[in-house]
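Have a look at the structure below, then the notes.
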Amino acid sequence: MGLRSKLALGVFAAVGAASLGSAPVAAQTAPHVSKAERSAIGALQSALAARDYTTAASALSAAQAAAQSSDARYYVALLQFQLARETSNASMQASAIETLISLGRLPQAQLGGLYALQGTSAMGGRDRAARDRAEAAFARALELAPSPEIALTLAQLKINDRKNGEAIALIDRAIQLQKARGQAAPESWYRRGIELALTTKLAPEALRFVHDWIAAYPSPENWRDAMLIYRDTDKPDPAALVDALRLQRLAKGLGGERDYMEAAQTLTAAGLPGEAHSLLEEGVSTHMLDPVKPAAHAAILAATHAATTGRARLAGLRGATTVEAGDQMLSFGDYTLAASAYQGALQKGAPDPNLVNTRLGIALALAGRRAEAAAAFGAVTGPRADLASLWLVWLGQHA
């Protein structure tokens, strides 16, 4: 069933069942309905009850002519809406909706539903005026009766009108409304928001969607895509790229030979031989790398030699409270000493505290000190904040 059909059925259920079911009884005793009005409304009601739609059409005309009071017009409009729905008469329904909206007698949620139906009807028009009417109607519907379906419909109208910034906000609104129902938003909603934000070159919005998407759907494939989007949009410096690759690796988001080889090259260029070596070993053990292939074989030999040389230098770095010491300890998997080195560097006034806090968070997370890691990532500001927020997502998934 399409979104328009769902909206229409929802509105009919709300307006038809709640309001139409009580209208005839109320009309019999309402103090502001005259005897002539009651008689005309009763005839229309009886014809509808008997499903005699030919008679009901005539009775509707008579009831509309007789209805002079606001109460009478309200009851007639409700019955007109019922007749229109049961006979699939679009023009009659549109007229009933306009009357009910103008009278303003329905509860807010049902009034919002009527605006949604009005917008659905206007969506069938091809001209600019029809599109404007549809957009205005759905905007009013969302204000009165917020729902994910209405937010997404309005978002599509905005997309059609090339108002992508507004559409992105509406997709986010739909996700939040779905969560408020206690239901997970479909993955396609996040992907649509990401795609639209990237197309519109709205990097902050794209990364916000990525953050929420990977928190909700943390598969290895999605983590890989998330980190690629981060790299493409945030344009991280070489040091941040290293920490992004670390996260991608931990989330099992390295997807094949090319990923492993490029990551190893990045780590080697950053002077982290221990990590480059362990990464390549992992690639072989997971069958992502074939050690017989010339390129992989050469990389493994070079990394093995560099790691051996680098490990010999570790003894001289133990107890040092510098970023370099922390980097090397982290590279070789000594997470507790790495954390101590980074904490000491911060206490001495490290020139780039955001880099140090990021790496302190990584070392603490890998040492199993989750709460302290979260505090370190939370202290990161500036350009690295997006990456730190993704680390926090991963941390929350491995608590």
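Following the order of the structure tokens, chains are lettered A, B, ..., residues in each are numbered from 1, and ligands are numbered from 1.
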Report as a Markdown table the residues of segment 289-388 of chain A within 9 Å of segment 257-269 of chain A, each with its shortest atom pair and distance in Å (one decimal), using only C-alpha atoms, ordered by chain and increasing residue number.
```
| residue | atom | partner | partner_atom | distance |
| --- | --- | --- | --- | --- |
| A:Leu289 | CA | A:Glu257 | CA | 5.3 |
| A:Asp290 | CA | A:Glu257 | CA | 8.1 |
| A:Ala295 | CA | A:Met261 | CA | 8.7 |
| A:Ala296 | CA | A:Met261 | CA | 7.4 |
| A:Ala299 | CA | A:Met261 | CA | 8.0 |
| A:Ala303 | CA | A:Thr268 | CA | 7.8 |
| A:Ala306 | CA | A:Thr268 | CA | 8.7 |
```
Writing out the chosen residues with N, CA and C atoms as an mmCIF file, in the first residue's frame:
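Wrote selection_21.cif, looks like this:
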```
data_model
loop_
_atom_site.group_PDB
_atom_site.id
_atom_site.type_symbol
_atom_site.label_atom_id
_atom_site.label_comp_id
_atom_site.auth_asym_id
_atom_site.auth_seq_id
_atom_site.Cartn_x
_atom_site.Cartn_y
_atom_site.Cartn_z
ATOM 1 N N LEU A 289 43.767 -11.058 2.560
ATOM 2 C CA LEU A 289 45.035 -10.886 1.840
ATOM 3 C C LEU A 289 45.602 -12.249 1.478
ATOM 4 N N ASP A 290 46.153 -12.327 0.299
ATOM 5 C CA ASP A 290 46.858 -13.540 -0.127
ATOM 6 C C ASP A 290 48.359 -13.273 -0.021
ATOM 7 N N ALA A 295 52.543 -8.079 -4.204
ATOM 8 C CA ALA A 295 52.368 -6.830 -3.447
ATOM 9 C C ALA A 295 52.163 -7.104 -1.972
ATOM 10 N N ALA A 296 51.294 -8.068 -1.666
ATOM 11 C CA ALA A 296 51.039 -8.398 -0.266
ATOM 12 C C ALA A 296 52.294 -8.992 0.383
ATOM 13 N N ALA A 299 54.755 -6.251 1.162
ATOM 14 C CA ALA A 299 54.286 -5.412 2.269
ATOM 15 C C ALA A 299 54.478 -6.111 3.603
ATOM 16 N N ALA A 303 56.814 -4.786 6.603
ATOM 17 C CA ALA A 303 56.187 -4.495 7.891
ATOM 18 C C ALA A 303 56.807 -5.320 9.001
ATOM 19 N N ALA A 306 60.118 -3.656 9.872
ATOM 20 C CA ALA A 306 59.915 -2.379 10.562
ATOM 21 C C ALA A 306 59.395 -2.601 11.974
#
```
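Distances to Gly271 of chain A were evaluated for A:His287, A:Asp327, A:Val292, A:Leu250 using only C-alpha atoms, and the minimum falls at A:Asp327.
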- Coordinates-based distance that separates atom CA of Arg105 of chain A from atom CA of Leu144 of chain A (Å, one decimal): 13.7 Å
- Message: Can you tell me which residues surround segment 370-374 of chain A at a distance of at most 10 Å, considering only C-alpha atoms, apart from same-chain residues fewer than 4 positions away, and format the answer as a PyMOL selection string?
- Response: chain A and resi 339+357-366+378-379+388-389+391-393+395-396+398-399
- Message: I'd like to know which residues of segment 41-131 of chain A are helix (DSSP H, G or I) (by DSSP, run on the backbone); could you write them as a ChimeraX atom specification?
- Response: /A:41-49,53-66,70-87,90-103,108-122,128-131
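Neighbours of Leu111 of chain A closer than or equal to 9 Å, with only C-alpha atoms counted and sequence neighbours fewer than 5 positions away skipped, come out as Val15, Leu100, Ile101, Gly104, Arg105, Leu106, Ala116, Ala141, Leu144 and Ala145 of chain A.
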